[in-house]
Amino acid sequence: QYERLLKVLVIGDLGVGKTSIIKRYVHQVFSQHYRATIGVDFALKVLNWDPQTVVRLQLWDIAGQERYGNMTRVYYREAVGALVVFDMTRLSSFQAVLK
């Protein structure tokens, strides 16, 4: 059996729902309570891609607060992709993506 580890960053402004999206996808749980991510957190989703392939998807929850910006950039290495999250009701959260 073939096993593949993929690192995907989940990035976006503070309070846009990055952690909620990850928790819903990985654990099928949704909480309406907000708790800011400090630095970086990650979750693992194991996918049986096909009968011969298992994909271990590491979803890295990158803090949206600017003060963690320099610290979190080190985690970008070896990522194969990124999910960019913003709040469509808050233009500033979309503009923050460009930073």
# chains A, B, ... in the order shown; residues from 1 in each chain; ligands from 1
>>> select_by_dssp(residues="region 7-98 of chain A", states="strand (DSSP E)", output="NGL selection string")
:A and (7-12 or 40-50 or 53-62 or 81-85)
>>> residues_around(residues="region 50-52 of chain A", least_positions_apart="4", cutoff="10 Å", atoms="only C-alpha atoms", output="list in words")
Gln1, Tyr2 and Glu3 of chain A
>>> write_last_selection(atoms="N, CA and C atoms", output="compact mmCIF listing (two decimals), in the first residue's frame")
# COMPACT_ATOMS: atom_id res chain seq x y z
N GLN A 1 0.84 -1.19 0.00
CA GLN A 1 0.00 0.00 0.00
C GLN A 1 0.88 1.25 0.00
N TYR A 2 0.49 2.23 -0.78
CA TYR A 2 1.23 3.48 -0.93
C TYR A 2 0.65 4.52 0.03
N GLU A 3 1.54 5.23 0.73
CA GLU A 3 1.11 6.25 1.67
C GLU A 3 1.76 7.58 1.32
>>> residues_around(residues="region 18-34 of chain A", least_positions_apart="6", cutoff="10 Å", atoms="only C-alpha atoms", output="JSON, numbers by chain")
{"A": [10, 11, 12, 41, 42, 43, 44, 45, 46, 57, 59, 60, 61, 62, 63, 64, 83, 84, 85, 86]}
>>> select_by_dssp(residues="chain A", states="helix (DSSP H, G or I)", output="VMD selection string")
chain A and resid 18 to 27 66 to 76 91 to 97
>>> write_last_selection(atoms="N, CA and C atoms", output="mmCIF file, in the first residue's frame")
data_model
loop_
_atom_site.group_PDB
_atom_site.id
_atom_site.type_symbol
_atom_site.label_atom_id
_atom_site.label_comp_id
_atom_site.auth_asym_id
_atom_site.auth_seq_id
_atom_site.Cartn_x
_atom_site.Cartn_y
_atom_site.Cartn_z
ATOM 1 N N LYS A 18 -10.942 29.900 9.922
ATOM 2 C CA LYS A 18 -9.980 28.858 9.522
ATOM 3 C C LYS A 18 -10.083 27.631 10.419
ATOM 4 N N THR A 19 -10.049 27.847 11.716
ATOM 5 C CA THR A 19 -10.107 26.738 12.671
ATOM 6 C C THR A 19 -11.445 26.006 12.568
ATOM 7 N N SER A 20 -12.524 26.739 12.403
ATOM 8 C CA SER A 20 -13.854 26.121 12.277
ATOM 9 C C SER A 20 -13.942 25.235 11.046
ATOM 10 N N ILE A 21 -13.380 25.686 9.941
ATOM 11 C CA ILE A 21 -13.386 24.888 8.708
ATOM 12 C C ILE A 21 -12.605 23.595 8.913
ATOM 13 N N ILE A 22 -11.440 23.696 9.533
ATOM 14 C CA ILE A 22 -10.613 22.510 9.786
ATOM 15 C C ILE A 22 -11.335 21.537 10.710
ATOM 16 N N LYS A 23 -11.878 22.036 11.820
ATOM 17 C CA LYS A 23 -12.569 21.156 12.774
ATOM 18 C C LYS A 23 -13.773 20.468 12.132
ATOM 19 N N ARG A 24 -14.484 21.191 11.290
ATOM 20 C CA ARG A 24 -15.651 20.604 10.622
ATOM 21 C C ARG A 24 -15.218 19.506 9.652
ATOM 22 N N TYR A 25 -14.160 19.758 8.893
ATOM 23 C CA TYR A 25 -13.692 18.789 7.901
ATOM 24 C C TYR A 25 -13.068 17.551 8.552
ATOM 25 N N VAL A 26 -12.241 17.763 9.564
ATOM 26 C CA VAL A 26 -11.496 16.650 10.168
ATOM 27 C C VAL A 26 -12.322 15.891 11.202
ATOM 28 N N HIS A 27 -13.049 16.622 12.052
ATOM 29 C CA HIS A 27 -13.732 15.988 13.186
ATOM 30 C C HIS A 27 -15.263 16.004 13.084
ATOM 31 N N GLU A 66 -1.385 39.512 12.921
ATOM 32 C CA GLU A 66 -0.149 40.007 12.303
ATOM 33 C C GLU A 66 1.074 39.788 13.179
ATOM 34 N N ARG A 67 0.908 39.863 14.483
ATOM 35 C CA ARG A 67 2.075 39.737 15.365
ATOM 36 C C ARG A 67 2.739 38.368 15.263
ATOM 37 N N TYR A 68 2.028 37.370 14.731
ATOM 38 C CA TYR A 68 2.614 36.043 14.551
ATOM 39 C C TYR A 68 3.148 35.840 13.135
ATOM 40 N N GLY A 69 3.032 36.847 12.284
ATOM 41 C CA GLY A 69 3.397 36.733 10.872
ATOM 42 C C GLY A 69 4.785 36.199 10.612
ATOM 43 N N ASN A 70 5.803 36.800 11.220
ATOM 44 C CA ASN A 70 7.181 36.355 10.994
ATOM 45 C C ASN A 70 7.420 34.966 11.564
ATOM 46 N N MET A 71 6.808 34.683 12.695
ATOM 47 C CA MET A 71 6.999 33.392 13.344
ATOM 48 C C MET A 71 6.386 32.258 12.512
ATOM 49 N N THR A 72 5.234 32.508 11.912
ATOM 50 C CA THR A 72 4.527 31.428 11.224
ATOM 51 C C THR A 72 5.057 31.147 9.823
ATOM 52 N N ARG A 73 5.772 32.078 9.221
ATOM 53 C CA ARG A 73 6.270 31.871 7.859
ATOM 54 C C ARG A 73 7.208 30.662 7.758
ATOM 55 N N VAL A 74 7.870 30.323 8.839
ATOM 56 C CA VAL A 74 8.775 29.174 8.834
ATOM 57 C C VAL A 74 8.002 27.875 8.568
ATOM 58 N N TYR A 75 6.723 27.843 8.888
ATOM 59 C CA TYR A 75 5.905 26.644 8.693
ATOM 60 C C TYR A 75 5.472 26.459 7.243
ATOM 61 N N TYR A 76 5.718 27.440 6.387
ATOM 62 C CA TYR A 76 5.302 27.359 4.984
ATOM 63 C C TYR A 76 6.121 26.338 4.195
ATOM 64 N N LEU A 91 -14.492 43.222 3.863
ATOM 65 C CA LEU A 91 -13.531 43.500 2.804
ATOM 66 C C LEU A 91 -12.097 43.487 3.321
ATOM 67 N N SER A 92 -11.889 43.968 4.534
ATOM 68 C CA SER A 92 -10.528 44.021 5.090
ATOM 69 C C SER A 92 -9.915 42.629 5.204
ATOM 70 N N SER A 93 -10.731 41.594 5.420
ATOM 71 C CA SER A 93 -10.191 40.233 5.529
ATOM 72 C C SER A 93 -9.703 39.732 4.177
ATOM 73 N N PHE A 94 -10.324 40.191 3.094
ATOM 74 C CA PHE A 94 -9.860 39.846 1.748
ATOM 75 C C PHE A 94 -8.575 40.601 1.433
ATOM 76 N N GLN A 95 -8.525 41.865 1.793
ATOM 77 C CA GLN A 95 -7.328 42.675 1.551
ATOM 78 C C GLN A 95 -6.135 42.143 2.338
ATOM 79 N N ALA A 96 -6.384 41.587 3.517
ATOM 80 C CA ALA A 96 -5.308 41.030 4.342
ATOM 81 C C ALA A 96 -4.668 39.821 3.675
ATOM 82 N N VAL A 97 -5.415 39.118 2.829
ATOM 83 C CA VAL A 97 -4.893 37.950 2.112
ATOM 84 C C VAL A 97 -3.717 38.349 1.227
#
>>> atom_distance(atom1="CA of Val8 (chain A)", atom2="CA of Gln58 (chain A)")
6.0 Å
>>> residues_around(residues="Leu47 (chain A)", least_positions_apart="3", cutoff="8 Å", atoms="only C-alpha atoms", output="JSON, numbers by chain")
{"A": [54, 55, 56, 57]}
>>> write_last_selection(atoms="N, CA and C atoms", output="PDB file, in the first residue's frame")
ATOM      1  N   VAL A  54      -3.196   5.622   0.593  1.00  0.00           N
ATOM      2  CA  VAL A  54      -3.663   6.364   1.766  1.00  0.00           C
ATOM      3  C   VAL A  54      -2.993   7.730   1.738  1.00  0.00           C
ATOM      4  N   VAL A  55      -3.802   8.774   1.867  1.00  0.00           N
ATOM      5  CA  VAL A  55      -3.271  10.136   1.908  1.00  0.00           C
ATOM      6  C   VAL A  55      -3.456  10.671   3.318  1.00  0.00           C
ATOM      7  N   ARG A  56      -2.355  11.100   3.907  1.00  0.00           N
ATOM      8  CA  ARG A  56      -2.402  11.751   5.216  1.00  0.00           C
ATOM      9  C   ARG A  56      -2.298  13.249   4.958  1.00  0.00           C
ATOM     10  N   LEU A  57      -3.407  13.931   5.170  1.00  0.00           N
ATOM     11  CA  LEU A  57      -3.497  15.350   4.875  1.00  0.00           C
ATOM     12  C   LEU A  57      -3.287  16.141   6.161  1.00  0.00           C
TER      13      LEU A  57
END
>>> atom_distance(atom1="CA of Ala79 (chain A)", atom2="CA of Leu9 (chain A)")
6.7 Å
>>> atom_distance(atom1="CA of Leu6 (chain A)", atom2="CA of Val40 (chain A)")
16.7 Å
